[in-house]
Each structure stands twice: as structure tokens, then as C-alpha cells.
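S.K.: The structure file final-v2.txt (compact mmCIF, C-alpha atoms) is provided below.
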```
# COMPACT_ATOMS: atom_id res chain seq x y z
CA GLU F 849 118.53 -34.83 37.21
CA PHE F 850 114.80 -35.47 37.52
CA THR F 851 114.70 -38.73 35.53
CA ARG F 852 114.84 -41.21 38.40
CA GLU F 853 112.12 -39.53 40.46
CA CYS F 854 109.90 -38.97 37.44
CA LEU F 855 110.19 -42.64 36.57
CA SER F 856 109.15 -43.63 40.06
CA ILE F 857 106.16 -41.30 39.89
CA ASP F 858 105.18 -42.76 36.52
CA THR F 859 105.45 -46.25 37.96
CA ALA F 860 103.28 -45.31 40.90
CA ARG F 861 100.75 -43.78 38.53
CA ARG F 862 100.54 -46.97 36.48
CA LEU F 863 100.16 -49.10 39.59
CA THR F 864 97.36 -47.00 41.05
CA SER F 865 95.37 -45.62 38.13
CA ASP F 866 93.40 -48.77 37.28
CA ARG F 867 92.91 -49.71 40.91
CA TRP F 868 91.69 -46.22 41.79
CA SER F 869 89.32 -46.10 38.81
CA ALA F 870 87.84 -49.46 39.74
CA ARG F 871 87.22 -48.49 43.36
CA PHE F 872 86.05 -44.94 42.66
CA PRO F 873 84.29 -44.74 39.28
CA SER F 874 83.78 -41.27 37.85
CA PRO F 875 80.50 -39.47 38.54
CA VAL F 876 79.68 -39.76 34.83
CA SER F 877 79.78 -43.58 34.91
CA LEU F 878 77.86 -43.74 38.18
CA HIS F 879 75.23 -41.20 37.21
CA PRO F 880 74.93 -40.93 33.41
CA GLU F 881 71.61 -39.11 33.81
CA ARG F 882 73.26 -36.07 35.42
CA ASP F 883 73.96 -33.05 33.28
CA LEU F 884 77.50 -32.02 34.19
CA THR F 885 77.27 -29.05 31.81
CA SER F 886 74.45 -27.40 33.75
CA PRO F 887 74.99 -23.96 35.39
CA GLY F 888 77.72 -24.21 37.98
CA ARG F 889 79.38 -27.13 36.19
CA ARG F 890 82.30 -26.74 33.83
CA PRO F 891 82.50 -29.19 30.91
CA GLY F 892 85.00 -31.85 31.76
CA MET F 893 85.30 -30.69 35.36
CA MET F 894 84.73 -34.11 36.89
CA ALA F 895 87.19 -35.78 34.53
CA ALA F 896 89.78 -33.14 35.40
CA MET F 897 89.20 -33.69 39.11
CA SER F 898 89.71 -37.43 38.69
CA SER F 899 92.91 -36.83 36.74
CA ASP F 900 94.18 -34.42 39.39
CA LEU F 901 93.54 -36.98 42.12
CA ASP F 902 95.39 -39.65 40.13
CA GLU F 903 98.35 -37.30 39.73
CA PHE F 904 98.36 -36.48 43.44
CA SER F 905 98.05 -40.14 44.40
CA ALA F 906 101.04 -40.97 42.22
CA LEU F 907 103.10 -38.25 43.91
CA VAL F 908 102.19 -39.42 47.41
CA LEU F 909 103.03 -43.03 46.57
CA ALA F 910 106.36 -42.00 45.04
CA ARG F 911 107.60 -40.25 48.20
CA ARG F 912 110.29 -42.15 50.09
CA THR F 913 112.38 -41.56 53.19
CA SER F 914 115.89 -41.72 51.77
CA LEU F 915 119.40 -40.60 52.57
CA LEU F 916 120.80 -41.97 49.31
CA VAL F 917 121.93 -38.53 48.14
CA ASP F 918 124.95 -36.82 46.63
CA PRO F 919 126.43 -34.89 49.59
CA GLU F 920 128.44 -32.62 47.29
CA ARG F 921 125.74 -31.49 44.87
CA GLU F 922 124.10 -28.32 46.14
CA VAL F 923 120.37 -27.84 46.50
CA PRO F 924 119.40 -24.34 45.30
CA VAL F 925 118.27 -22.03 48.07
CA ASP F 926 115.40 -20.75 45.95
CA LEU F 927 114.13 -24.32 45.59
CA VAL F 928 114.08 -24.76 49.38
CA GLU F 929 112.34 -21.40 49.68
CA ARG F 930 109.68 -22.66 47.30
CA LEU F 931 109.21 -25.78 49.42
CA CYS F 932 108.73 -23.60 52.49
CA GLU F 933 106.15 -21.56 50.60
CA LEU F 934 104.22 -24.78 50.04
CA ALA F 935 104.55 -25.62 53.73
CA ILE F 936 102.79 -22.50 54.96
CA TRP F 937 99.58 -23.53 53.20
CA ALA F 938 99.06 -26.30 55.75
CA PRO F 939 95.82 -26.02 57.77
CA ASN F 940 96.32 -23.79 60.81
CA HIS F 941 93.67 -23.47 63.51
CA LYS F 942 93.43 -19.90 64.87
CA ARG F 943 95.96 -18.76 62.26
CA THR F 944 98.87 -18.74 64.68
CA TRP F 945 101.38 -19.24 61.82
CA PRO F 946 103.67 -21.30 64.08
CA TRP F 947 106.19 -22.65 61.54
CA ARG F 948 109.81 -21.61 61.69
CA PHE F 949 112.38 -22.54 59.03
CA THR F 950 116.18 -22.47 59.01
CA LEU F 951 118.21 -23.83 56.09
CA VAL F 952 121.67 -25.12 57.00
CA THR F 953 124.33 -25.82 54.37
CA GLY F 954 128.11 -25.92 54.03
CA ASP F 955 130.25 -25.76 57.15
CA ALA F 956 127.23 -24.74 59.21
CA ARG F 957 126.01 -28.35 59.07
CA ALA F 958 128.81 -29.39 61.42
CA ARG F 959 127.95 -26.51 63.76
CA LEU F 960 124.33 -27.64 63.77
CA GLY F 961 125.51 -31.12 64.74
CA GLU F 962 127.59 -29.68 67.57
CA ALA F 963 124.58 -27.73 68.85
CA PHE F 964 122.44 -30.86 68.94
CA ALA F 965 125.33 -32.75 70.58
CA GLN F 966 125.50 -30.13 73.34
CA ASP F 967 121.78 -30.51 73.92
CA GLN F 968 122.22 -34.25 74.37
CA ILE F 969 125.05 -33.69 76.84
CA ALA F 970 122.91 -31.16 78.75
CA ALA F 971 120.18 -33.82 78.94
CA GLY F 972 122.62 -36.18 80.70
CA ARG F 973 124.29 -38.15 77.95
CA ALA F 974 128.06 -38.59 78.19
CA ALA F 975 130.14 -36.44 75.87
CA ASP F 976 131.82 -39.52 74.41
CA HIS F 977 128.59 -41.46 73.94
CA PRO F 978 128.38 -42.96 70.43
CA LYS F 979 125.14 -41.10 69.69
CA VAL F 980 126.72 -37.78 70.62
CA THR F 981 129.70 -38.52 68.41
CA LYS F 982 127.42 -39.49 65.54
CA THR F 983 125.31 -36.36 65.96
CA ARG F 984 128.34 -34.11 65.51
CA GLY F 985 128.85 -35.27 61.94
CA LYS F 986 125.50 -36.70 60.83
CA TYR F 987 124.24 -33.58 59.04
CA LEU F 988 127.16 -33.68 56.62
CA ARG F 989 125.44 -36.61 54.90
CA ALA F 990 123.23 -34.30 52.83
CA PRO F 991 124.04 -30.98 51.13
CA ALA F 992 121.04 -29.21 52.66
CA VAL F 993 119.39 -29.59 56.05
CA LEU F 994 116.13 -27.80 56.76
CA VAL F 995 115.25 -27.39 60.42
CA VAL F 996 111.55 -26.85 61.03
CA GLY F 997 110.29 -25.52 64.33
CA SER F 998 106.91 -24.98 65.94
CA ALA F 999 106.49 -21.77 67.94
CA ALA F 1000 105.45 -22.09 71.56
CA ASP F 1001 102.02 -20.88 72.68
CA PRO F 1002 100.91 -20.05 76.23
CA SER F 1003 97.72 -22.00 75.63
CA PRO F 1004 98.43 -25.73 76.11
CA ASP F 1005 95.79 -26.59 73.52
CA LEU F 1006 97.18 -24.22 70.90
CA HIS F 1007 100.72 -25.39 71.65
CA VAL F 1008 99.70 -28.94 70.70
CA GLU F 1009 97.75 -27.72 67.68
CA ASN F 1010 100.77 -25.72 66.52
CA ARG F 1011 102.81 -28.91 66.36
CA ASP F 1012 100.02 -30.59 64.41
CA THR F 1013 100.06 -27.73 61.92
CA VAL F 1014 103.83 -27.86 61.52
CA ALA F 1015 103.76 -31.63 61.03
CA ALA F 1016 101.29 -31.09 58.18
CA ALA F 1017 103.58 -28.39 56.81
CA VAL F 1018 106.49 -30.83 56.85
CA GLU F 1019 104.52 -33.27 54.70
CA HIS F 1020 103.98 -30.47 52.17
CA ILE F 1021 107.75 -30.02 52.07
CA LEU F 1022 108.39 -33.72 51.56
CA LEU F 1023 105.86 -33.99 48.75
CA GLY F 1024 107.19 -30.86 47.11
CA ALA F 1025 110.71 -32.24 47.33
CA THR F 1026 109.57 -35.45 45.66
CA ALA F 1027 107.93 -33.49 42.86
CA ALA F 1028 111.15 -31.52 42.37
CA GLY F 1029 113.22 -34.70 42.08
CA LEU F 1030 114.83 -34.42 45.52
CA ALA F 1031 115.31 -37.18 48.05
CA SER F 1032 114.27 -36.31 51.59
CA PHE F 1033 114.58 -37.72 55.09
CA TRP F 1034 112.55 -36.45 58.04
CA SER F 1035 114.52 -36.87 61.27
CA SER F 1036 114.01 -35.53 64.77
CA PRO F 1037 116.39 -34.49 67.57
CA ALA F 1038 117.60 -37.07 70.07
CA ALA F 1039 116.91 -34.79 73.04
CA LEU F 1040 113.45 -33.48 73.92
CA GLN F 1041 114.80 -30.05 74.84
CA ASN F 1042 117.16 -28.36 72.39
CA PRO F 1043 118.06 -24.84 73.56
CA ALA F 1044 121.46 -24.86 71.86
CA ALA F 1045 119.99 -25.92 68.53
CA GLN F 1046 117.13 -23.43 68.93
CA ALA F 1047 119.61 -20.61 69.45
CA PHE F 1048 121.75 -21.78 66.53
CA CYS F 1049 118.71 -21.71 64.23
CA GLY F 1050 117.56 -18.33 65.49
CA PHE F 1051 114.30 -19.73 66.85
CA GLU F 1052 112.44 -18.15 69.75
CA GLU F 1053 112.90 -19.72 73.17
CA ASP F 1054 110.81 -22.86 73.73
CA THR F 1055 110.29 -23.44 70.01
CA ASP F 1056 109.78 -27.16 69.45
CA ILE F 1057 112.00 -28.61 66.74
CA VAL F 1058 109.57 -30.83 64.86
CA ALA F 1059 111.75 -31.88 61.95
CA VAL F 1060 115.31 -31.88 60.74
CA ILE F 1061 114.92 -32.63 57.04
CA TYR F 1062 117.82 -33.89 54.94
CA LEU F 1063 117.49 -32.78 51.30
CA GLY F 1064 119.63 -33.86 48.35
CA TRP F 1065 119.71 -35.18 44.82
CA PRO F 1066 119.15 -38.94 44.82
CA THR F 1067 121.89 -41.40 43.94
CA GLY F 1068 119.78 -44.52 44.29
CA ASP F 1069 116.37 -45.92 45.13
CA VAL F 1070 115.11 -47.35 48.40
CA PRO F 1071 112.79 -50.36 48.70
CA VAL F 1072 109.07 -49.76 48.67
CA PRO F 1073 107.84 -50.38 52.24
CA GLU F 1074 104.78 -52.45 52.98
CA ARG F 1075 101.93 -50.47 54.49
CA PRO F 1076 99.06 -51.77 56.62
CA GLY F 1077 95.49 -51.12 55.59
CA THR F 1078 93.75 -47.91 56.61
CA GLY F 1079 91.48 -49.59 59.14
CA LEU F 1080 88.78 -47.09 58.16
CA ARG F 1081 85.55 -47.42 60.15
CA HIS F 1082 82.37 -46.25 58.46
CA ILE F 1083 79.58 -45.32 60.85
CA THR F 1084 76.17 -44.33 59.57
```
Would you mind writing the structure in this file as C-alpha cells?
M.R.:
Amino acid sequence: EFTRECLSIDTARRLTSDRWSARFPSPVSLHPERDLTSPGRRPGMMAAMSSDLDEFSALVLARRTSLLVDPEREVPVDLVERLCELAIWAPNHKRTWPWRFTLVTGDARARLGEAFAQDQIAAGRAADHPKVTKTRGKYLRAPAVLVVGSAADPSPDLHVENRDTVAAAVEHILLGATAAGLASFWSSPAALQNPAAQAFCGFEEDTDIVAVIYLGWPTGDVPVPERPGTGLRHIT
């Protein structure tokens, strides 16, 4: 079940290892005069760090946004719980712990769709609008749907920072899913305000729904997207 994703990670590793090594030589090759076994240094520490970064780079480059999943094959609840445990290690200013998680499976997926449909209607969209109709059944496309919310804060600054934290937490989930061999798809609600969906998920009032993540076992691969350069500015 993990073969396809592992192959893609291996491919990413092969594509990036030489390029990374060329751009960022190890400290040993740059500074052969340094004694990396001196107090405070562990033998082989720098080599291990380089290897760890290569492994992480391969994982990041292997992640894809994909809905090519088997809708009938269940995703274990304990696996999703583990992904959420990774999520809560995202950086969090002021330690507000704003993330909220609700896993939706089985028949509840259709009820989640209905809740989001009602929120669209409340926002002014016609009940027979194609997007409303699509929303009612869209979450049946994956066996597991993880709704991730960001708790409200009376401080406008902390409210924004909470969303930033939860967005970082979502990336942890997506990377963890990739490592576990799962396909994932980060979507967001069509309406800005979602009281019906909040209530369905058991979230506190005014919780922002940051992500609705489809999770499932992949049935195919998606094309590798082109990415622009970083545009990094270096100011000294």
C-alpha cells in the first residue's frame, strides 16, 4: 500500500540529493580544518544533519495535492490521530493552542456536505445553485475528511496569528500523510462564514474553518507542478 508513495519519495530524493550537495556543501568539505569531534560535537553529527535534510527535502518534494484516492478503502482513525499529533507541534505564538480537529467518515460525510451547503445558502446562494449541489456530495470522494479549525481570539492580532499557526499545522498533516503513503487534498469552504459546519464539527462559535482535508489511499499519480523561484532577497 505504500509502494507508490515511497517510489515518488525515492525519485524526489534522487533528483535533489546531488543538486542540494552542490549548492550546500557539508561543513567538513568547506572547513576541513575544523575539529568536529571537539567537546560539544558528536562524531558524524554534521553528516547526519545533512542526511536528515536530504530526507526531509525528498518528503516535501513528494507531497502532492491529489484526489486520486480509493473512496471505499478506510483510513485508520489512529493514523489520523497521529497526523493531528504532528500538527500540534506547529509554532504557536503566545501558546494559544488554537487548532481544532474533527474527523468525518462514513455517512457523516454527506451530512458535512449538507452543513456547508446550508452555509452557502445562508450567505445568499440559491439552493439549486450548481456549487451548492456539488457541495452536498463532494466529501464522499474520499474515505476520510479532516476538518481543521482555528479558534477565535478577542485580540485581532492573536486571531490572525492563530490562523497562521493552524495553517502551519495543516502542512504538518499533509507532510505526515505523504510519509504514511496517503494522498491528501487541502480544500476550504465556499462561504466565509460557516456556522452550520462549525456546529456540525463541534467547534466553538466563530471558529474559522481553515482546512477541509481529503485523505485516502492513492489510486494514481498527479503531474508534478512547475514552481517559480523563491525570489529570496539577501540583505547584508
S.K.: Separation of CA of His977 in chain F and CA of Ala963 in chain F, in Å?
M.R.: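 These two atoms are separated by 15.2 Å.
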S.K.: I'd like the contact shell of Asp967 in chain F - 8 Å cut-off, all atoms listed in the file, skipping same-chain residues fewer than 3 positions apart - returned as a ChimeraX atom specification.
M.R.: /F:963-964,970-971,1039,1041-1045
S.K.: What gap, in Å, lies between CA of Val952 in chain F and CA of Tyr987 in chain F?
M.R.: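 Between CA of Val952 in chain F and CA of Tyr987 in chain F the gap works out to 9.1 Å.
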S.K.: What gap, in Å, lies between CA of Ala1047 in chain F and CA of His941 in chain F?
M.R.: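 So the answer is 26.8 Å.
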S.K.: List as a ChimeraX atom specification the protein and nucleic acid residues near range 1065-1079 of chain F, meaning an atom at most 10 Å away when all atoms listed in the file are counted, but skip any in the same chain fewer than 5 places from it.
M.R.: /F:849-850,852-853,856,909-923,990-992,1025,1028-1032
S.K.: Which of these, F:Pro924, F:Gly1064, F:Pro946, F:Pro1002, has the shortest distance to Arg989 in chain F once you count all atoms listed in the file?
M.R.: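 Of F:Pro924, F:Gly1064, F:Pro946, F:Pro1002, the one nearest Arg989 in chain F, counting all atoms listed in the file, is F:Gly1064.
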S.K.: Excluding range 1009-1012 of chain F and its own-chain neighbours fewer than 5 positions away, which residues fall within 12 Å of it when counting all atoms listed in the file? Please give them as a PyMOL selection string.
M.R.: chain F and resi 938-948+996-1004+1017-1019+1055-1059
S.K.: For Arg930 in chain F, which of F:Gly1024, F:Pro1037, F:Gly961, F:Gly1050 is the closest residue, counting all atoms listed in the file?
M.R.: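 Residue with the minimum atom-to-atom distance to Arg930 in chain F: F:Gly1024.
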S.K.: May I ask which of the residues F:Ile1061, F:Cys932, F:Ala958, F:Leu1022 is the closest one to Val995 in chain F, counting all atoms listed in the file?
M.R.: F:Ile1061
S.K.: Of the residues F:Thr1026, F:Ser905, F:Gln966, F:Ser899, which is the one nearest to Val980 in chain F, using all atoms listed in the file?
M.R.: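 Checking each of F:Thr1026, F:Ser905, F:Gln966, F:Ser899 against Val980 in chain F, counting all atoms listed in the file, the winner is F:Gln966.
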